[in-house]
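Everything below belongs to work_36.cif, which stores mmCIF, C-alpha atoms.
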```cif
data_work
#
loop_
_atom_site.label_atom_id
_atom_site.label_comp_id
_atom_site.auth_asym_id
_atom_site.auth_seq_id
_atom_site.Cartn_x
_atom_site.Cartn_y
_atom_site.Cartn_z
CA MET A 235 0.00 0.00 0.00
CA ASP A 236 1.27 3.46 -0.85
CA SER A 237 2.26 5.58 2.14
CA GLU A 238 0.45 8.88 2.63
CA ARG A 239 1.79 11.69 0.48
CA ILE A 240 3.70 14.36 2.35
CA THR A 241 3.18 17.70 0.62
CA SER A 242 4.29 20.18 3.29
CA HIS A 243 6.71 20.61 6.20
CA ASP A 244 4.08 22.15 8.49
CA HIS A 245 4.23 19.16 10.84
CA LEU A 246 7.94 19.86 11.50
CA VAL A 247 7.41 23.33 12.94
CA ASP A 248 5.52 24.37 16.06
CA GLU A 249 4.33 27.97 16.37
CA GLY A 250 5.11 28.26 20.09
CA GLU A 251 8.59 26.89 19.56
CA VAL A 252 9.21 29.42 16.78
CA ALA A 253 8.14 32.26 19.09
CA ARG A 254 10.55 31.03 21.79
CA TRP A 255 13.42 30.88 19.32
CA VAL A 256 12.66 34.36 17.97
CA ALA A 257 12.70 35.72 21.53
CA GLU A 258 16.04 34.01 22.20
CA LEU A 259 17.62 35.32 18.98
CA GLU A 260 16.35 38.85 19.61
CA ALA A 261 17.67 38.78 23.16
CA ALA A 262 21.17 37.80 21.99
CA PRO A 263 23.61 40.74 22.27
CA ALA A 264 24.39 42.22 18.86
CA SER A 265 28.14 42.19 19.31
CA ALA A 266 30.66 40.92 16.82
CA ALA A 267 31.64 38.18 19.26
CA SER A 268 28.12 36.82 19.30
CA THR A 269 27.77 36.74 15.52
CA PRO A 270 27.45 33.09 14.60
CA ALA A 271 29.84 31.60 12.12
CA PRO A 272 28.29 30.90 8.74
CA SER A 273 27.58 27.24 8.05
CA THR A 274 28.97 27.37 4.51
CA ARG A 275 31.97 28.94 2.85
CA LEU A 276 32.39 30.02 -0.74
CA SER A 277 35.18 28.87 -3.01
CA PHE A 278 36.03 30.37 -6.40
CA ASP A 279 38.56 27.65 -7.21
CA PRO A 280 37.57 25.77 -10.40
CA GLU A 281 39.00 22.55 -8.93
CA ASP A 282 36.44 22.56 -6.10
CA ALA A 283 33.70 22.86 -8.71
CA TRP A 284 35.09 20.15 -10.98
CA ALA A 285 35.44 17.82 -8.00
CA ILE A 286 31.66 18.01 -7.47
CA ILE A 287 30.88 17.66 -11.16
CA ARG A 288 33.23 14.73 -11.78
CA ASP A 289 32.32 12.84 -8.62
CA ARG A 290 28.65 13.15 -9.40
CA HIS A 291 29.29 12.06 -12.93
CA GLU A 292 31.76 9.21 -12.59
CA ILE A 293 31.06 7.70 -9.21
CA VAL A 294 27.45 8.29 -8.37
CA HIS A 295 26.19 8.02 -11.96
CA ALA A 296 23.84 10.84 -11.25
CA TYR A 297 23.28 12.94 -14.27
CA GLY A 298 21.25 16.04 -13.68
CA GLY A 299 21.68 19.70 -12.93
CA ALA A 300 19.80 22.95 -13.45
CA ILE A 301 20.68 25.24 -16.31
CA GLY A 302 19.49 28.86 -16.38
CA TRP A 303 19.41 31.23 -19.33
CA PRO A 304 18.23 34.80 -20.06
CA THR A 305 14.84 35.26 -21.67
CA LYS A 306 13.71 37.81 -24.24
CA ASP A 307 11.96 39.89 -21.56
CA ALA A 308 15.24 40.22 -19.58
CA SER A 309 14.09 37.66 -17.05
CA VAL A 310 15.43 34.16 -16.48
CA ALA A 311 14.28 30.64 -17.21
CA SER A 312 15.75 27.33 -16.10
CA ALA A 313 15.35 23.62 -16.54
CA TYR A 314 16.57 20.33 -15.16
CA VAL A 315 18.94 18.82 -17.72
CA GLY A 316 21.23 15.87 -18.03
CA PHE A 317 24.90 16.56 -18.49
CA ALA A 318 28.08 14.69 -19.28
CA VAL A 319 31.75 15.53 -18.88
CA LEU A 320 33.50 14.75 -22.15
CA ASP A 321 37.20 15.43 -22.70
CA GLY A 322 37.17 17.53 -19.54
CA GLU A 323 34.35 19.72 -20.79
CA LEU A 324 30.80 20.11 -19.54
CA TRP A 325 28.15 19.19 -22.10
CA THR A 326 24.38 19.12 -22.02
CA THR A 327 21.65 18.95 -24.62
CA THR A 328 18.54 20.59 -26.00
CA THR A 329 16.28 20.08 -28.99
CA LYS A 330 14.96 22.12 -31.88
CA GLY A 331 11.68 23.90 -31.28
CA ARG A 332 12.07 24.55 -27.57
CA GLY A 333 12.13 28.02 -26.04
CA LYS A 334 15.39 27.12 -24.35
CA THR A 335 17.03 26.46 -27.71
CA TYR A 336 15.86 29.72 -29.28
CA ALA A 337 16.94 31.62 -26.18
CA MET A 338 20.40 30.04 -26.15
CA LEU A 339 20.91 30.77 -29.84
CA ARG A 340 19.90 34.39 -29.22
CA ASP A 341 21.98 34.94 -26.05
CA PRO A 342 24.61 32.37 -25.07
CA ARG A 343 25.00 33.47 -21.45
CA ALA A 344 24.05 30.69 -19.05
CA VAL A 345 24.47 29.35 -15.56
CA PHE A 346 24.69 25.73 -14.43
CA VAL A 347 23.89 24.65 -10.86
CA ILE A 348 25.15 21.21 -9.86
CA VAL A 349 24.83 19.61 -6.43
CA SER A 350 26.90 16.86 -4.88
CA ALA A 351 25.19 13.54 -4.30
CA ASP A 352 25.10 14.11 -0.52
CA ARG A 353 23.69 17.64 -1.08
CA GLN A 354 26.36 19.11 1.20
CA ARG A 355 28.25 20.83 -1.61
CA SER A 356 27.04 22.70 -4.65
CA THR A 357 28.60 24.66 -7.44
CA THR A 358 27.36 27.38 -9.73
CA VAL A 359 29.15 27.55 -13.06
CA TYR A 360 28.78 30.78 -14.99
CA GLY A 361 29.60 30.88 -18.69
CA THR A 362 28.30 30.68 -22.20
CA VAL A 363 26.90 27.89 -24.33
CA GLU A 364 27.70 26.75 -27.85
CA LEU A 365 25.10 24.66 -29.65
CA SER A 366 26.09 22.01 -32.18
CA ASN A 367 23.82 19.80 -34.26
CA GLU A 368 26.75 18.01 -35.88
CA ASP A 369 26.14 14.23 -35.87
CA ARG A 370 29.48 13.59 -34.21
CA ASP A 371 28.89 15.95 -31.29
CA VAL A 372 25.31 14.81 -30.70
CA THR A 373 26.25 11.14 -30.83
CA ARG A 374 29.26 11.62 -28.61
CA PHE A 375 27.07 13.28 -26.03
CA ALA A 376 24.41 10.58 -26.36
CA ILE A 377 26.95 7.82 -25.74
CA GLY A 378 28.48 9.57 -22.74
CA PHE A 379 25.13 10.48 -21.25
CA SER A 380 23.68 7.01 -21.77
CA ARG A 381 26.64 5.42 -20.01
CA TYR A 382 26.25 7.93 -17.28
CA ARG A 383 22.57 7.16 -16.87
CA SER A 384 22.89 3.41 -17.05
CA GLY A 385 25.75 3.41 -14.55
CA GLY A 386 27.47 0.74 -16.53
CA TRP A 387 28.75 -0.27 -19.88
CA SER A 388 25.98 -2.43 -21.25
CA GLU A 389 22.53 -1.74 -22.64
CA ILE A 390 23.35 1.76 -23.72
CA GLY A 391 21.81 1.31 -27.16
CA PRO A 392 18.23 2.28 -26.19
CA GLY A 393 19.53 5.32 -24.35
CA ILE A 394 21.51 6.49 -27.32
CA ALA A 395 18.63 5.91 -29.69
CA SER A 396 16.22 7.85 -27.50
CA PHE A 397 18.46 10.90 -27.28
CA ASP A 398 20.32 10.84 -30.55
CA SER A 399 17.37 11.96 -32.62
CA ALA A 400 16.74 14.50 -35.35
CA GLY A 401 16.66 18.08 -34.07
CA ARG A 402 18.83 17.42 -31.06
CA TYR A 403 21.72 19.70 -30.18
CA ALA A 404 24.77 18.96 -28.11
CA VAL A 405 25.45 22.00 -25.95
CA ARG A 406 29.00 22.77 -24.84
CA PHE A 407 29.14 24.83 -21.68
CA ILE A 408 32.15 27.14 -21.60
CA PRO A 409 32.81 28.20 -18.01
CA THR A 410 34.01 31.67 -17.13
CA ARG A 411 33.50 31.64 -13.34
CA PHE A 412 32.82 29.10 -10.60
CA VAL A 413 31.16 29.71 -7.23
CA THR A 414 31.17 26.65 -5.00
CA ARG A 415 29.47 26.29 -1.63
CA LEU A 416 31.29 24.02 0.79
CA PRO A 417 30.57 23.14 4.42
CA ALA A 418 32.40 25.58 6.70
CA MET B 28 36.31 8.31 -1.69
CA ALA B 29 35.88 5.07 -3.57
CA THR B 30 38.02 5.97 -6.54
CA GLU B 31 38.07 2.37 -7.74
CA THR B 32 34.47 2.77 -8.83
CA ARG B 33 35.23 5.83 -10.94
CA ARG B 34 34.07 5.24 -14.50
CA PRO B 35 34.85 7.75 -17.18
CA VAL B 36 32.19 7.84 -19.86
CA GLU B 37 34.19 9.03 -22.84
CA ALA B 38 33.14 7.72 -26.22
CA THR B 39 35.87 6.41 -28.49
CA GLU B 40 36.19 7.69 -32.05
CA GLU B 41 35.21 4.25 -33.34
CA GLU B 42 32.07 4.16 -31.23
CA VAL B 43 30.99 7.58 -32.40
CA GLU B 44 31.54 6.62 -36.04
CA ARG B 45 29.61 3.39 -35.58
CA TRP B 46 26.63 5.06 -33.91
CA VAL B 47 26.53 7.88 -36.46
CA ALA B 48 26.43 5.27 -39.24
CA GLN B 49 23.67 3.34 -37.44
CA LYS B 50 21.66 6.48 -36.91
CA ARG B 51 21.84 7.36 -40.59
CA GLU B 52 20.78 3.84 -41.55
CA LEU B 53 17.87 4.00 -39.13
CA ALA B 54 16.78 7.40 -40.44
CA ALA B 55 16.93 6.09 -44.00
CA SER B 56 14.84 3.04 -43.09
CA GLY B 57 11.99 5.19 -41.76
CA GLU B 58 11.66 2.98 -38.65
CA LYS B 59 10.07 4.76 -35.69
CA VAL B 60 12.32 5.14 -32.67
CA PHE B 61 11.27 5.92 -29.10
CA THR B 62 12.49 9.38 -28.19
CA VAL B 63 12.10 11.67 -25.21
CA GLU B 64 11.61 14.86 -27.20
CA ASP B 65 8.16 15.82 -25.91
CA VAL B 66 8.33 15.97 -22.13
CA ARG B 67 4.68 17.06 -21.90
CA ALA B 68 3.81 13.37 -22.06
CA TYR B 69 5.62 12.76 -18.77
CA GLN B 70 4.12 15.35 -16.44
CA LEU B 71 3.41 14.99 -12.73
CA ASP B 72 0.01 15.85 -11.31
CA ASP B 73 -0.20 18.68 -8.73
CA ASP B 74 0.03 16.38 -5.69
CA GLU B 75 2.99 14.53 -7.18
CA ALA B 76 4.70 17.85 -7.87
CA TRP B 77 4.21 19.11 -4.31
CA GLU B 78 5.36 15.76 -2.97
CA LEU B 79 8.56 16.03 -5.01
CA ILE B 80 9.16 19.61 -3.86
CA THR B 81 8.56 18.67 -0.22
CA ALA B 82 10.80 15.62 -0.39
CA GLY B 83 13.75 17.62 -1.73
CA ASN B 84 16.69 18.91 0.29
CA GLY B 85 17.09 22.09 -1.71
CA CYS B 86 16.53 23.66 -5.10
CA ALA B 87 18.37 25.53 -7.83
CA LEU B 88 17.31 29.17 -7.74
CA CYS B 89 17.97 31.22 -10.88
CA TRP B 90 17.52 34.97 -11.21
CA ALA B 91 18.36 37.76 -13.68
CA ASN B 92 21.23 40.09 -12.90
CA GLU B 93 21.07 43.79 -13.73
CA ASP B 94 23.15 43.24 -16.88
CA GLY B 95 20.66 40.61 -18.08
CA SER B 96 22.92 37.65 -17.34
CA PRO B 97 21.48 34.71 -15.39
CA GLY B 98 22.56 34.00 -11.83
CA GLY B 99 21.99 30.86 -9.84
CA SER B 100 22.67 29.00 -6.65
CA PHE B 101 21.55 25.95 -4.73
CA VAL B 102 19.46 26.98 -1.75
CA ARG B 103 17.53 25.20 0.99
CA HIS B 104 13.75 25.37 1.06
CA ALA B 105 10.74 24.42 3.13
CA VAL B 106 7.08 24.07 2.22
CA LEU B 107 5.00 25.86 4.85
CA ASP B 108 1.39 27.08 4.77
CA GLY B 109 1.01 25.93 1.20
CA ALA B 110 3.99 27.78 -0.27
CA ALA B 111 7.69 27.17 -0.81
CA TYR B 112 10.06 29.38 1.19
CA LEU B 113 13.70 29.65 0.13
CA LEU B 114 16.59 30.38 2.49
CA LEU B 115 19.19 32.89 1.25
CA LEU B 116 22.35 33.15 3.30
CA ASP B 117 24.09 36.40 4.13
CA GLY B 118 26.31 37.41 1.21
CA ASP B 119 24.40 35.37 -1.36
CA GLU B 120 24.47 37.09 -4.75
CA ALA B 121 20.76 36.38 -5.01
CA ILE B 122 19.81 38.89 -2.30
CA PRO B 123 20.68 42.17 -4.08
CA ALA B 124 19.66 40.73 -7.45
CA LEU B 125 16.20 39.71 -6.22
CA ARG B 126 15.71 43.06 -4.47
CA HIS B 127 16.19 44.59 -7.91
CA ASP B 128 14.17 42.04 -9.93
CA PRO B 129 12.06 39.42 -8.12
CA ARG B 130 11.47 37.22 -11.17
CA VAL B 131 12.89 33.74 -10.73
CA SER B 132 12.99 30.26 -12.15
CA VAL B 133 13.49 27.47 -9.63
CA VAL B 134 14.30 23.82 -10.32
CA PHE B 135 13.29 21.29 -7.68
CA ASP B 136 15.19 18.15 -8.54
CA GLY B 137 13.60 15.04 -7.11
CA GLY B 138 16.77 13.07 -7.59
CA ASP B 139 18.02 11.01 -10.46
CA GLY B 140 15.40 8.60 -11.61
CA ILE B 141 12.55 10.55 -10.01
CA GLY B 142 11.84 13.77 -11.88
CA ALA B 143 11.87 17.53 -11.50
CA VAL B 144 9.61 20.53 -11.13
CA THR B 145 10.57 23.92 -12.56
CA VAL B 146 8.65 26.89 -11.16
CA ARG B 147 8.51 30.25 -12.94
CA GLY B 148 7.34 33.15 -10.81
CA THR B 149 8.46 35.84 -8.43
CA VAL B 150 9.68 36.01 -4.85
CA ASP B 151 8.68 38.21 -1.93
CA PHE B 152 11.14 38.89 0.87
CA VAL B 153 9.69 37.85 4.23
CA ASP B 154 11.53 40.06 6.70
CA ASP B 155 10.18 38.29 9.77
CA PRO B 156 12.54 36.38 12.08
CA ALA B 157 9.76 33.82 12.65
CA ALA B 158 9.90 32.89 8.96
CA LEU B 159 13.66 32.40 9.15
CA VAL B 160 13.38 30.27 12.28
CA SER B 161 10.55 28.20 10.77
CA VAL B 162 12.51 27.44 7.61
CA VAL B 163 15.67 26.55 9.53
CA LEU B 164 13.72 24.23 11.86
CA ALA B 165 11.90 22.59 8.95
CA THR B 166 15.01 22.02 6.84
CA GLY B 167 17.02 20.64 9.77
CA ARG B 168 14.29 18.23 10.80
CA HIS B 169 13.56 17.26 7.21
CA ASP B 170 17.24 16.32 6.93
CA GLY B 171 16.80 14.08 9.95
CA LEU B 172 19.28 15.99 12.11
CA PRO B 173 19.24 15.33 15.85
CA GLU B 174 17.50 18.06 17.84
CA ASP B 175 20.74 19.49 19.25
CA ARG B 176 22.02 20.04 15.69
CA VAL B 177 18.72 21.61 14.68
CA ALA B 178 19.04 24.00 17.62
CA GLU B 179 22.61 24.78 16.60
CA HIS B 180 21.40 25.67 13.11
CA VAL B 181 18.77 28.01 14.54
CA ARG B 182 21.38 29.72 16.73
CA GLN B 183 23.65 30.08 13.67
CA SER B 184 20.90 31.82 11.70
CA ARG B 185 21.32 35.55 11.37
CA PRO B 186 18.00 37.46 11.33
CA GLY B 187 18.36 40.57 9.20
CA ARG B 188 21.27 39.06 7.28
CA ASP B 189 20.08 35.63 6.22
CA ARG B 190 16.86 36.05 4.27
CA VAL B 191 13.75 34.07 3.53
CA VAL B 192 11.80 34.60 0.32
CA ARG B 193 8.37 33.24 -0.50
CA LEU B 194 8.08 31.71 -3.96
CA ASN B 195 4.98 32.85 -5.84
CA ARG B 196 4.27 30.37 -8.61
CA GLU B 197 3.02 31.69 -11.93
CA ARG B 198 3.42 28.39 -13.73
CA TRP B 199 5.38 25.20 -13.49
CA VAL B 200 6.77 22.53 -15.75
CA THR B 201 7.02 19.03 -14.37
CA PHE B 202 8.29 15.72 -15.59
CA SER B 203 8.81 12.25 -14.24
CA HIS B 204 11.90 10.24 -15.08
CA LYS B 205 10.01 7.08 -14.24
CA LYS B 206 7.43 7.83 -16.89
CA ILE B 207 10.09 8.72 -19.47
CA PHE B 208 12.40 5.81 -18.97
CA ARG B 209 9.99 3.00 -18.19
CA GLY B 210 9.80 2.26 -21.94
#
```

Produce structure tokens that represent the structure in this file.
Amino acid sequence: MDSERITSHDHLVDEGEVARWVAELEAAPASAASTPAPSTRLSFDPEDAWAIIRDRHEIVHAYGGAIGWPTKDASVASAYVGFAVLDGELWTTTTKGRGKTYAMLRDPRAVFVIVSADRQRSTTVYGTVELSNEDRDVTRFAIGFSRYRSGGWSEIGPGIASFDSAGRYAVRFIPTRFVTRLPA
Amino acid sequence: MATETRRPVEATEEEVERWVAQKRELAASGEKVFTVEDVRAYQLDDDEAWELITAGNGCALCWANEDGSPGGSFVRHAVLDGAAYLLLLDGDEAIPALRHDPRVSVVFDGGDGIGAVTVRGTVDFVDDPAALVSVVLATGRHDGLPEDRVAEHVRQSRPGRDRVVRLNRERWVTFSHKKIFRG
């Protein structure tokens, strides 16, 4: 039997408890000595970012991240996408006819957010994208991604066939800046 | 780290050539191939979407910078009183950017093999210490932390510096990996 669906965190928080905590925090002296240490630290070292990306890719066989791009109305859109690291470069994919594709062809600026498997570390990769619909690039991505998804070396044929279809682009992400959040 | 399990996924030149040739043959044959091009066929219903959002340990928040470039970061969230609240830490680039332009796109990733929900909308800053405390309590307990660690997290929170924003959904796009890959 299916367990009951949990669709909120309301049961984890008690109003009276919140009020007590607010009173305690407001009563704390506002001196520098009492300022709590942040729970995370930022790193701008590309190696910290690549460590998250590669570990997620090669060990955990997890394959997704969020990519964000600018929209025509100067806002932002994003999507969950699969990615693969090929020849030390970050690649993802899109297909013809999607808003994401038109937007990326119009303005190549993009951001990629990737989280470690244990969710304790995350990295934001800023950069630009280059779209390619060359057979070689699309197929290379499809093979890498399918291996990634399957977590092994066999049965990758269906995965390749399902992604390596007409209208698909391989998207090379060219990083310009990395911001990585690590536990303090 | 179990480096012995590390598996690079590079494709060899020969493999690429072989698959390109097979693809061309398949295209020429006219045989229909299962593809994942139209994700609208793999949507979650509203309850499934909220369940995925609630089950998550964080989300990817994207915003627009003043120069039109996209910004993004992974942030913690809690679902309280029917809305998602996101926790922005002191110094996060999102805080000044969202003060300037509250439009956002947020990806809630249910984990590989589950699915994802992308919310387009805006955020409102909730400058109430009770909101900050509530989100910190909810995220700590959702993570299964012992109560002393949860309390430590609350004490580490910095009202007036760490921020909570309420996510106002205008629309969302959902998909289920299970539905896509079951074929």

Which residue gives the smallest distance to B:Arg198 among A:Thr274, A:Thr329, A:Ala311, A:Tyr403, with only C-alpha atoms counted? A:Ala311

For stretch 42-55 of chain B, list every protein, DNA or RNA residue within 7 Å, evaluated using all atoms listed in the file, and leave out those in the same chain fewer than 5 positions away; present the list as a PyMOL selection string. chain A and resi 369-370+373-374

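Remark: for B:Val144, the closest of the candidate residues A:Ala337, A:Gly401, A:Lys330, A:Ala313 is A:Ala313 (distances computed over only C-alpha atoms).
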
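Shortest atom-to-atom contact with A:Gln354 among B:Val150, B:Val102, B:Trp199, B:Ala124: B:Val102, counting all atoms listed in the file.
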
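In terms of minimum interatomic distance to B:Pro129, A:Ala308 ranks closest within A:Arg288, A:Ala308, A:Ile348, A:Val413, counting all atoms listed in the file.
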
Of the listed residues A:Val315, A:Ile286, A:Val310, A:Val359, that which approaches chain B most closely, counting only C-alpha atoms: A:Val310

Between atom CA of A:Ser309 and atom CA of B:Glu120 - distance in Å to one decimal: 16.1 Å

Atoms added to stretch 297-319 of chain A (N, CA and C atoms), reported as an mmCIF file, keeping the file's coordinate frame:
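To be explicit, this is the file written out as part_23.cif:
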```
data_model
loop_
_atom_site.group_PDB
_atom_site.id
_atom_site.type_symbol
_atom_site.label_atom_id
_atom_site.label_comp_id
_atom_site.auth_asym_id
_atom_site.auth_seq_id
_atom_site.Cartn_x
_atom_site.Cartn_y
_atom_site.Cartn_z
ATOM 1 N N TYR A 297 23.049 12.310 -12.984
ATOM 2 C CA TYR A 297 23.280 12.940 -14.270
ATOM 3 C C TYR A 297 22.603 14.275 -14.459
ATOM 4 N N GLY A 298 22.023 14.840 -13.438
ATOM 5 C CA GLY A 298 21.250 16.040 -13.680
ATOM 6 C C GLY A 298 21.758 17.278 -12.977
ATOM 7 N N GLY A 299 21.413 18.408 -13.541
ATOM 8 C CA GLY A 299 21.680 19.700 -12.930
ATOM 9 C C GLY A 299 20.668 20.686 -13.472
ATOM 10 N N ALA A 300 20.734 21.919 -12.980
ATOM 11 C CA ALA A 300 19.800 22.950 -13.450
ATOM 12 C C ALA A 300 20.576 23.940 -14.297
ATOM 13 N N ILE A 301 20.051 24.231 -15.467
ATOM 14 C CA ILE A 301 20.680 25.240 -16.310
ATOM 15 C C ILE A 301 19.730 26.432 -16.407
ATOM 16 N N GLY A 302 20.290 27.635 -16.295
ATOM 17 C CA GLY A 302 19.490 28.860 -16.380
ATOM 18 C C GLY A 302 19.981 29.694 -17.545
ATOM 19 N N TRP A 303 19.055 30.418 -18.177
ATOM 20 C CA TRP A 303 19.410 31.230 -19.330
ATOM 21 C C TRP A 303 18.550 32.493 -19.341
ATOM 22 N N PRO A 304 19.025 33.566 -20.004
ATOM 23 C CA PRO A 304 18.230 34.800 -20.060
ATOM 24 C C PRO A 304 17.095 34.673 -21.063
ATOM 25 N N THR A 305 15.984 35.297 -20.752
ATOM 26 C CA THR A 305 14.840 35.260 -21.670
ATOM 27 C C THR A 305 14.718 36.597 -22.397
ATOM 28 N N LYS A 306 13.852 36.619 -23.398
ATOM 29 C CA LYS A 306 13.710 37.810 -24.240
ATOM 30 C C LYS A 306 13.254 39.025 -23.432
ATOM 31 N N ASP A 307 12.472 38.781 -22.365
ATOM 32 C CA ASP A 307 11.960 39.890 -21.560
ATOM 33 C C ASP A 307 12.911 40.254 -20.419
ATOM 34 N N ALA A 308 14.194 39.893 -20.570
ATOM 35 C CA ALA A 308 15.240 40.220 -19.580
ATOM 36 C C ALA A 308 15.015 39.541 -18.247
ATOM 37 N N SER A 309 14.251 38.455 -18.258
ATOM 38 C CA SER A 309 14.090 37.660 -17.050
ATOM 39 C C SER A 309 14.973 36.409 -17.177
ATOM 40 N N VAL A 310 14.612 35.365 -16.467
ATOM 41 C CA VAL A 310 15.430 34.160 -16.480
ATOM 42 C C VAL A 310 14.505 32.955 -16.547
ATOM 43 N N ALA A 311 14.980 31.917 -17.200
ATOM 44 C CA ALA A 311 14.280 30.640 -17.210
ATOM 45 C C ALA A 311 15.298 29.567 -16.866
ATOM 46 N N SER A 312 14.821 28.410 -16.435
ATOM 47 C CA SER A 312 15.750 27.330 -16.100
ATOM 48 C C SER A 312 15.082 25.990 -16.317
ATOM 49 N N ALA A 313 15.879 24.968 -16.337
ATOM 50 C CA ALA A 313 15.350 23.620 -16.540
ATOM 51 C C ALA A 313 16.316 22.606 -15.955
ATOM 52 N N TYR A 314 15.753 21.471 -15.597
ATOM 53 C CA TYR A 314 16.570 20.330 -15.160
ATOM 54 C C TYR A 314 17.072 19.643 -16.427
ATOM 55 N N VAL A 315 18.375 19.445 -16.515
ATOM 56 C CA VAL A 315 18.940 18.820 -17.720
ATOM 57 C C VAL A 315 19.969 17.771 -17.324
ATOM 58 N N GLY A 316 20.138 16.816 -18.197
ATOM 59 C CA GLY A 316 21.230 15.870 -18.030
ATOM 60 C C GLY A 316 22.518 16.496 -18.528
ATOM 61 N N PHE A 317 23.629 16.054 -17.984
ATOM 62 C CA PHE A 317 24.900 16.560 -18.490
ATOM 63 C C PHE A 317 25.906 15.415 -18.536
ATOM 64 N N ALA A 318 26.979 15.656 -19.253
ATOM 65 C CA ALA A 318 28.080 14.690 -19.280
ATOM 66 C C ALA A 318 29.384 15.470 -19.370
ATOM 67 N N VAL A 319 30.424 14.930 -18.768
ATOM 68 C CA VAL A 319 31.750 15.530 -18.880
ATOM 69 C C VAL A 319 32.515 14.735 -19.936
#
```
